[in-house]
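Engineer: One file: final_28.cif (mmCIF, C-alpha atoms).
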data_upload
#
loop_
_atom_site.label_atom_id
_atom_site.label_comp_id
_atom_site.auth_asym_id
_atom_site.auth_seq_id
_atom_site.Cartn_x
_atom_site.Cartn_y
_atom_site.Cartn_z
CA MET E 1 13.66 5.59 8.19
CA ASP E 2 15.47 6.23 11.47
CA ILE E 3 16.59 3.14 13.40
CA PRO E 4 17.85 3.55 16.98
CA GLY E 5 21.52 2.68 17.18
CA HIS E 6 21.91 2.84 13.39
CA GLY E 7 20.70 6.31 12.44
CA GLU E 8 19.06 7.22 9.16
CA VAL E 9 18.67 4.44 6.61
CA SER E 10 17.94 5.61 3.08
CA GLY E 11 15.29 3.97 0.93
CA GLU E 12 13.04 4.55 -2.04
CA TRP E 13 10.23 6.10 0.03
CA ASP E 14 10.39 8.75 2.75
CA LEU E 15 7.08 9.03 4.62
CA ARG E 16 8.48 10.55 7.81
CA GLY E 17 6.26 13.15 9.42
CA ASP E 18 3.26 12.42 7.22
CA GLU E 19 2.32 8.92 8.34
CA HIS E 20 -1.06 9.99 9.74
CA ARG E 21 -2.13 11.44 6.41
CA TYR E 22 -0.65 8.50 4.49
CA LEU E 23 -3.00 6.20 6.44
CA GLY E 24 -6.03 8.38 5.82
CA GLY E 25 -6.12 9.91 9.30
CA ALA E 26 -7.50 6.69 10.78
CA ASP E 27 -7.49 6.22 14.56
CA LEU E 28 -5.52 3.03 15.21
CA SER E 29 -5.34 3.12 18.99
CA GLY E 30 -6.40 -0.16 20.56
CA ARG E 31 -7.12 -1.75 17.19
CA ARG E 32 -5.77 -4.96 15.71
CA VAL E 33 -4.24 -4.18 12.33
CA LEU E 34 -3.30 -6.49 9.46
CA GLU E 35 -0.56 -4.70 7.51
CA LEU E 36 -0.21 -6.07 3.99
CA GLY E 37 3.24 -5.49 2.51
CA ALA E 38 5.12 -4.45 5.65
CA ALA E 39 8.55 -4.32 3.94
CA SER E 40 11.15 -3.03 6.43
CA GLY E 41 8.54 -2.15 9.03
CA PHE E 42 8.46 1.64 8.89
CA LEU E 43 4.67 1.83 9.10
CA THR E 44 4.65 -1.13 11.49
CA SER E 45 6.65 1.00 13.93
CA TYR E 46 4.40 4.01 13.42
CA MET E 47 1.15 2.09 13.91
CA GLU E 48 2.43 0.39 17.03
CA ARG E 49 3.39 3.79 18.46
CA GLN E 50 -0.22 4.83 17.86
CA GLY E 51 -1.38 1.97 20.07
CA ALA E 52 -2.19 -0.62 17.40
CA ASP E 53 -1.64 -4.37 17.74
CA VAL E 54 -0.01 -5.07 14.38
CA VAL E 55 0.18 -8.30 12.41
CA ALA E 56 2.59 -7.60 9.56
CA TYR E 57 2.30 -9.72 6.41
CA ASP E 58 4.77 -9.98 3.54
CA LEU E 59 6.62 -12.27 1.18
CA SER E 60 9.72 -14.13 2.25
CA GLU E 61 12.59 -15.36 0.10
CA ARG E 62 10.65 -18.62 -0.30
CA HIS E 63 8.04 -16.79 -2.39
CA SER E 64 8.08 -15.40 -5.90
CA TRP E 65 7.41 -11.77 -6.70
CA ASP E 66 4.37 -10.98 -8.88
CA VAL E 67 6.55 -10.08 -11.89
CA VAL E 68 5.33 -9.42 -15.42
CA PRO E 69 6.18 -12.54 -17.52
CA PHE E 70 7.54 -10.81 -20.61
CA ALA E 71 8.10 -13.33 -23.41
CA GLY E 72 11.78 -14.04 -23.95
CA THR E 73 12.78 -12.90 -20.46
CA ASP E 74 14.89 -15.11 -18.19
CA LEU E 75 12.31 -15.16 -15.43
CA GLY E 76 14.33 -17.63 -13.37
CA SER E 77 17.26 -15.24 -13.02
CA TYR E 78 14.95 -12.31 -12.32
CA ASP E 79 13.14 -14.33 -9.67
CA ALA E 80 16.44 -15.21 -7.99
CA VAL E 81 17.39 -11.54 -7.78
CA ARG E 82 13.99 -10.70 -6.30
CA ARG E 83 14.22 -13.47 -3.72
CA ASP E 84 17.59 -12.11 -2.60
CA HIS E 85 15.98 -8.67 -2.32
CA LEU E 86 13.17 -10.13 -0.22
CA ARG E 87 15.71 -11.72 2.13
CA LYS E 88 17.25 -8.30 2.71
CA ILE E 89 13.83 -6.72 3.29
CA ASN E 90 12.95 -9.41 5.85
CA ASN E 91 16.29 -8.88 7.61
CA GLY E 92 15.59 -5.15 7.65
CA PHE E 93 12.21 -5.75 9.25
CA TRP E 94 13.75 -7.73 12.12
CA LEU E 95 16.61 -5.25 12.57
CA ASN E 96 14.08 -2.44 12.94
CA HIS E 97 11.80 -4.64 15.08
CA ARG E 98 14.61 -5.34 17.55
CA ALA E 99 15.95 -1.78 17.60
CA GLN E 100 12.49 -0.28 18.17
CA GLY E 101 11.49 -2.91 20.73
CA LEU E 102 8.35 -3.77 18.77
CA SER E 103 5.85 -6.48 19.67
CA ALA E 104 4.33 -6.83 16.16
CA LYS E 105 4.11 -10.31 14.65
CA LEU E 106 5.23 -11.10 11.10
CA VAL E 107 3.49 -13.69 8.93
CA HIS E 108 4.93 -14.76 5.57
CA GLY E 109 2.84 -15.59 2.52
CA THR E 110 1.35 -14.16 -0.65
CA VAL E 111 -1.50 -11.66 -0.71
CA TYR E 112 -3.63 -14.27 -2.48
CA THR E 113 -3.33 -16.80 0.34
CA VAL E 114 -3.71 -14.79 3.55
CA PRO E 115 -4.46 -17.51 6.12
CA ALA E 116 -7.65 -17.51 8.18
CA GLU E 117 -5.50 -18.53 11.18
CA ILE E 118 -4.48 -14.88 11.55
CA GLY E 119 -7.98 -14.35 12.91
CA GLN E 120 -10.20 -11.31 12.72
CA VAL E 121 -8.69 -7.84 12.66
CA ASP E 122 -10.22 -4.40 13.02
CA VAL E 123 -8.22 -2.79 10.22
CA ALA E 124 -6.29 -3.87 7.12
CA THR E 125 -3.80 -1.58 5.39
CA PHE E 126 -2.52 -1.79 1.81
CA ALA E 127 0.38 0.68 1.52
CA SER E 128 1.15 1.18 -2.17
CA ILE E 129 1.20 -2.51 -3.00
CA LEU E 130 -1.87 -3.04 -5.20
CA LEU E 131 -0.16 -1.50 -8.24
CA HIS E 132 2.46 -4.28 -8.01
CA LEU E 133 -0.07 -7.12 -8.10
CA ARG E 134 -1.40 -9.10 -11.04
CA ASP E 135 -4.81 -9.34 -9.34
CA PRO E 136 -5.37 -6.46 -6.90
CA PHE E 137 -9.05 -7.26 -6.39
CA LEU E 138 -8.29 -10.83 -5.34
CA ALA E 139 -5.70 -9.52 -2.87
CA LEU E 140 -8.32 -7.24 -1.32
CA GLN E 141 -10.95 -9.98 -1.26
CA THR E 142 -8.64 -12.49 0.40
CA SER E 143 -7.61 -10.09 3.16
CA CYS E 144 -10.87 -8.24 3.73
CA ARG E 145 -12.68 -11.42 4.72
CA LEU E 146 -10.78 -11.07 8.02
CA VAL E 147 -11.58 -7.36 8.53
CA LYS E 148 -14.34 -6.34 10.93
CA ASP E 149 -14.33 -2.59 10.43
CA THR E 150 -11.91 -0.62 8.25
CA VAL E 151 -9.77 -1.08 5.15
CA ILE E 152 -7.14 1.50 4.21
CA VAL E 153 -5.71 1.58 0.68
CA THR E 154 -2.96 4.04 -0.28
CA ASP E 155 -1.65 4.13 -3.81
CA VAL E 156 0.00 6.38 -6.39
CA TYR E 157 -2.35 8.82 -8.09
CA PRO E 158 -2.34 8.26 -11.89
CA ALA E 159 0.19 10.70 -13.30
CA SER E 160 -1.90 11.55 -16.37
CA GLU E 161 -4.62 12.97 -14.09
CA TYR E 162 -2.30 14.76 -11.65
CA HIS E 163 -3.54 18.22 -12.64
CA LEU E 164 -7.02 17.46 -11.34
CA VAL E 165 -5.99 17.47 -7.69
CA GLY E 166 -2.54 19.07 -7.44
CA ASP E 167 -3.79 22.58 -6.66
CA PHE E 168 -6.22 21.30 -4.05
CA VAL E 169 -3.62 19.20 -2.28
CA ASP E 170 -1.14 22.10 -2.13
CA ALA E 171 -3.70 24.66 -0.99
CA PRO E 172 -3.36 25.89 2.62
CA ASP E 173 -5.62 24.28 5.18
CA PRO E 174 -8.83 26.26 5.73
CA ALA E 175 -9.15 28.28 8.92
CA ASP E 176 -11.77 25.96 10.36
CA GLY E 177 -9.50 22.93 9.90
CA VAL E 178 -12.10 21.12 7.79
CA PRO E 179 -10.56 19.83 4.54
CA THR E 180 -12.01 21.26 1.36
CA PRO E 181 -13.94 18.55 -0.48
CA LEU E 182 -12.46 17.82 -3.88
CA PRO E 183 -14.65 17.84 -6.97
CA PRO E 184 -15.97 14.43 -8.06
CA GLU E 185 -13.77 14.47 -11.17
CA ALA E 186 -10.70 14.45 -8.92
CA HIS E 187 -11.44 10.84 -8.04
CA GLY E 188 -11.31 9.87 -11.71
CA GLN E 189 -13.29 7.21 -13.47
CA ALA E 190 -13.36 3.68 -12.08
CA LYS E 191 -10.51 2.47 -14.25
CA ALA E 192 -7.13 0.81 -14.22
CA THR E 193 -4.34 1.40 -16.74
CA PHE E 194 -2.19 -1.62 -17.64
CA LEU E 195 1.40 -0.37 -17.48
CA PRO E 196 3.76 -3.12 -18.79
CA GLN E 197 5.19 -2.32 -22.23
CA HIS E 198 6.28 -5.20 -24.44
CA TRP E 199 8.42 -3.04 -26.72
CA ASP E 200 10.92 -2.03 -24.03
CA HIS E 201 9.96 -4.32 -21.09
CA ALA E 202 9.17 -1.29 -18.92
CA TYR E 203 7.22 -1.75 -15.67
CA GLY E 204 8.43 -5.29 -15.03
CA ASP E 205 7.02 -5.30 -11.49
CA THR E 206 4.33 -2.62 -11.72
CA TRP E 207 1.09 -3.75 -13.29
CA TRP E 208 -1.43 -0.95 -12.82
CA HIS E 209 -2.25 2.66 -12.24
CA MET E 210 -5.65 2.62 -10.54
CA SER E 211 -7.96 5.54 -9.95
CA PRO E 212 -9.28 6.29 -6.45
CA GLU E 213 -12.81 5.70 -7.72
CA LEU E 214 -11.85 2.18 -8.79
CA ILE E 215 -10.58 1.40 -5.30
CA ARG E 216 -13.79 2.84 -3.87
CA ARG E 217 -15.76 0.44 -6.08
CA TYR E 218 -13.53 -2.50 -5.16
CA VAL E 219 -13.96 -2.08 -1.42
CA GLY E 220 -17.64 -1.27 -1.84
CA VAL E 221 -18.22 -4.61 -3.53
CA LEU E 222 -16.50 -6.27 -0.58
CA GLY E 223 -18.87 -4.65 1.93
CA PHE E 224 -17.03 -1.42 2.76
CA GLU E 225 -19.58 0.93 1.20
CA ARG E 226 -18.90 4.07 3.26
CA THR E 227 -15.63 5.61 2.09
CA GLU E 228 -13.47 8.72 2.29
CA ILE E 229 -10.76 9.66 -0.21
CA THR E 230 -7.89 11.97 0.71
CA TYR E 231 -4.79 13.15 -1.16
CA HIS E 232 -1.24 13.87 -0.04
CA HIS E 233 2.39 13.89 -1.18
CA ALA E 234 5.38 11.73 -0.27
CA PHE E 235 8.93 11.48 -1.59
CA ALA E 236 9.68 8.47 -3.77
CA GLY E 237 13.15 8.17 -5.24
CA GLY E 238 13.71 11.78 -4.23
CA ARG E 239 10.71 12.97 -6.24
CA ARG E 240 7.58 14.49 -4.74
CA THR E 241 4.82 12.02 -5.58
CA LEU E 242 1.06 12.48 -5.34
CA LEU E 243 -0.80 9.71 -3.50
CA TYR E 244 -4.39 9.03 -2.55
CA THR E 245 -5.81 7.09 0.37
CA VAL E 246 -9.19 5.39 0.40
CA VAL E 247 -10.58 4.53 3.83
CA GLY E 248 -13.50 2.11 3.64
CA HIS E 249 -15.84 1.29 6.54
CA ARG E 250 -17.68 -2.02 6.65
CA THR E 251 -21.42 -1.63 6.20
CA ARG E 252 -22.39 -5.22 5.45
#
Just give me the structure as structure tokens.
Structural biologist:
Amino acid sequence: MDIPGHGEVSGEWDLRGDEHRYLGGADLSGRRVLELGAASGFLTSYMERQGADVVAYDLSERHSWDVVPFAGTDLGSYDAVRRDHLRKINNGFWLNHRAQGLSAKLVHGTVYTVPAEIGQVDVATFASILLHLRDPFLALQTSCRLVKDTVIVTDVYPASEYHLVGDFVDAPDPADGVPTPLPPEAHGQAKATFLPQHWDHAYGDTWWHMSPELIRRYVGVLGFERTEITYHHAFAGGRRTLLYTVVGHRTR
């Protein structure tokens, strides 16, 4: 991200220039947005520039990360390292907030205890956080009870099914500007793959790879039955990564 007075700050993700697609092309102007997992506030800044009134929500160093409790692991030490990381993320949010002159509010808490005191919002965004949660459906349920209109979920497309959509995502835009619909199989089955591996303790803070169709089912159960799914790339750790975004509209 680029912070006025500080220049470019490197990080794991680089979404610059593709924020609109990352958020499913949703119109955020004049809308109150609950941003789950704001981190250092990159998307907070973007959404506010689009005219949104943003309430950012994230953990603080007083909270524990949703880590995988591998047997035999010193979870206390791991938790301490994560809390220190959260402190730095929170500091980064306020550094960016001040430098950008933002008006967004920040509320601390877990995704399972989003307080009703935040009030109703028009939109909720989940930017690549559900894969890091023990219970992604509960996180959606807890937040979506506050959402009047739209939920936006962006996540990593399951690597094993990458070939289904890669060619479509990289194809040039059609002349009429209307995106080419992807075949139903591109959305995958409604399934989640459990990632943690006990034999080498891999994926200590990443629980799931979830298909777009699963997210569509999740939000549909919660009353957002009309959905669109789009696909796009972003750089994560310097690698071009395929993502999907599900935009759900409340119908009941």
Engineer: Find the spatial neighbours of Gln141 (chain E), counting only C-alpha atoms, within a cut-off of 9 Å - ignore same-chain residues fewer than 6 positions away - and output them as JSON, numbers by chain.
Structural biologist: {"E": [112, 218, 219, 222]}
Engineer: Counting only C-alpha atoms, figure out which residue out of E:Thr154, E:Gln120, E:Thr113, E:Thr73 gets nearest to Pro212 (chain E).
Structural biologist: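 Closest to Pro212 (chain E) of all the choices is E:Thr154.
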Engineer: Which residue, E:Ala234, E:Ala139, E:Leu195, E:Val165, has the smallest gap to Val68 (chain E) when you use all atoms listed in the file?
Structural biologist: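 Between E:Ala234, E:Ala139, E:Leu195, E:Val165, the residue approaching Val68 (chain E) most closely is E:Leu195.
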Engineer: Can you pull out the residues contacting Asp149 (chain E)? Cut-off 12 Å, using only C-alpha atoms, and skip same-chain residues under 3 positions away; I want them as number ranges by chain.
Structural biologist: E: 26-28, 31-34, 120-125, 144-146, 152, 219, 222-227, 247-252
Engineer: Excluding Tyr244 (chain E) and any residue of its chain fewer than 4 positions from it, enumerate the residues within 6 Å of it, using all atoms listed in the file, and give them as a VMD selection string.
Structural biologist: chain E and resid 154 to 155 157 230 to 231
Engineer: Distance CA of Ser45 (chain E)-CA of Ser29 (chain E), one decimal place?
Structural biologist: 13.2 Å
Engineer: Do you know which residues the PyMOL selection byres ((chain E and resi 237) around 10) returns on this file, as a PDB file with C-alpha atoms, in the coordinates of the input?
Structural biologist:
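Here's the written file result_5.pdb:
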ATOM      1  CA  SER E  10      17.940   5.610   3.080  1.00  0.00           C
ATOM      2  CA  GLY E  11      15.290   3.970   0.930  1.00  0.00           C
ATOM      3  CA  GLU E  12      13.040   4.550  -2.040  1.00  0.00           C
ATOM      4  CA  TRP E  13      10.230   6.100   0.030  1.00  0.00           C
ATOM      5  CA  ASP E  14      10.390   8.750   2.750  1.00  0.00           C
ATOM      6  CA  ALA E 234       5.380  11.730  -0.270  1.00  0.00           C
ATOM      7  CA  PHE E 235       8.930  11.480  -1.590  1.00  0.00           C
ATOM      8  CA  ALA E 236       9.680   8.470  -3.770  1.00  0.00           C
ATOM      9  CA  GLY E 238      13.710  11.780  -4.230  1.00  0.00           C
ATOM     10  CA  ARG E 239      10.710  12.970  -6.240  1.00  0.00           C
ATOM     11  CA  ARG E 240       7.580  14.490  -4.740  1.00  0.00           C
ATOM     12  CA  THR E 241       4.820  12.020  -5.580  1.00  0.00           C
TER      13      THR E 241
END
Engineer: How many Å separate CA of Asp66 (chain E) from CA of Thr206 (chain E)?
Structural biologist: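 So the two atoms, CA of Asp66 (chain E) and CA of Thr206 (chain E), lie 8.8 Å apart.
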Engineer: Please identify all polymer residues within 9 Å of Gly92 (chain E), counting all atoms listed in the file, omitting same-chain residues fewer than 3 positions from it, and present them as a list of chain:residue names.
Structural biologist: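 Here the qualifying residues turn out to be E:Ala39, E:Ser40, E:Gly41, E:Arg87, E:Lys88, E:Ile89, E:Leu95, E:Asn96, E:His97.
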Engineer: So what do you get for CA of Ala190 (chain E) versus CA of Ala202 (chain E), distance-wise?
Structural biologist: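 One can read the CA of Ala190 (chain E) to CA of Ala202 (chain E) distance as 24.1 Å.
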Engineer: What residues come out when you apply the PyMOL selection byres ((chain E and resi 198) around 12) to this file, written as a PyMOL selection string?
Structural biologist: chain E and resi 68-73+194-197+199-204
Engineer: Export C-alpha atoms of the chosen residues as a short mmCIF file (atom, residue, chain, number, x, y, z; two decimals), keeping the file's coordinate frame?
Structural biologist:
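Saved the output as out22.cif:
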data_model
loop_
_atom_site.label_atom_id
_atom_site.label_comp_id
_atom_site.auth_asym_id
_atom_site.auth_seq_id
_atom_site.Cartn_x
_atom_site.Cartn_y
_atom_site.Cartn_z
CA VAL E 68 5.33 -9.42 -15.42
CA PRO E 69 6.18 -12.54 -17.52
CA PHE E 70 7.54 -10.81 -20.61
CA ALA E 71 8.10 -13.33 -23.41
CA GLY E 72 11.78 -14.04 -23.95
CA THR E 73 12.78 -12.90 -20.46
CA PHE E 194 -2.19 -1.62 -17.64
CA LEU E 195 1.40 -0.37 -17.48
CA PRO E 196 3.76 -3.12 -18.79
CA GLN E 197 5.19 -2.32 -22.23
CA TRP E 199 8.42 -3.04 -26.72
CA ASP E 200 10.92 -2.03 -24.03
CA HIS E 201 9.96 -4.32 -21.09
CA ALA E 202 9.17 -1.29 -18.92
CA TYR E 203 7.22 -1.75 -15.67
CA GLY E 204 8.43 -5.29 -15.03
#
Engineer: Using all atoms listed in the file, which residue out of E:Pro136, E:Gly76, E:Pro184, E:Gly51 lies closest to Ala104 (chain E)?
Structural biologist: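 Between E:Pro136, E:Gly76, E:Pro184, E:Gly51, the residue approaching Ala104 (chain E) most closely is E:Gly51.
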Engineer: Here is a test: counting only C-alpha atoms, which residue of E:Val153, E:Lys191, E:Leu102, E:Thr110 is nearest to Gly25 (chain E)?
Structural biologist: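 Answer, going by the shortest atom-to-atom distance: E:Val153.
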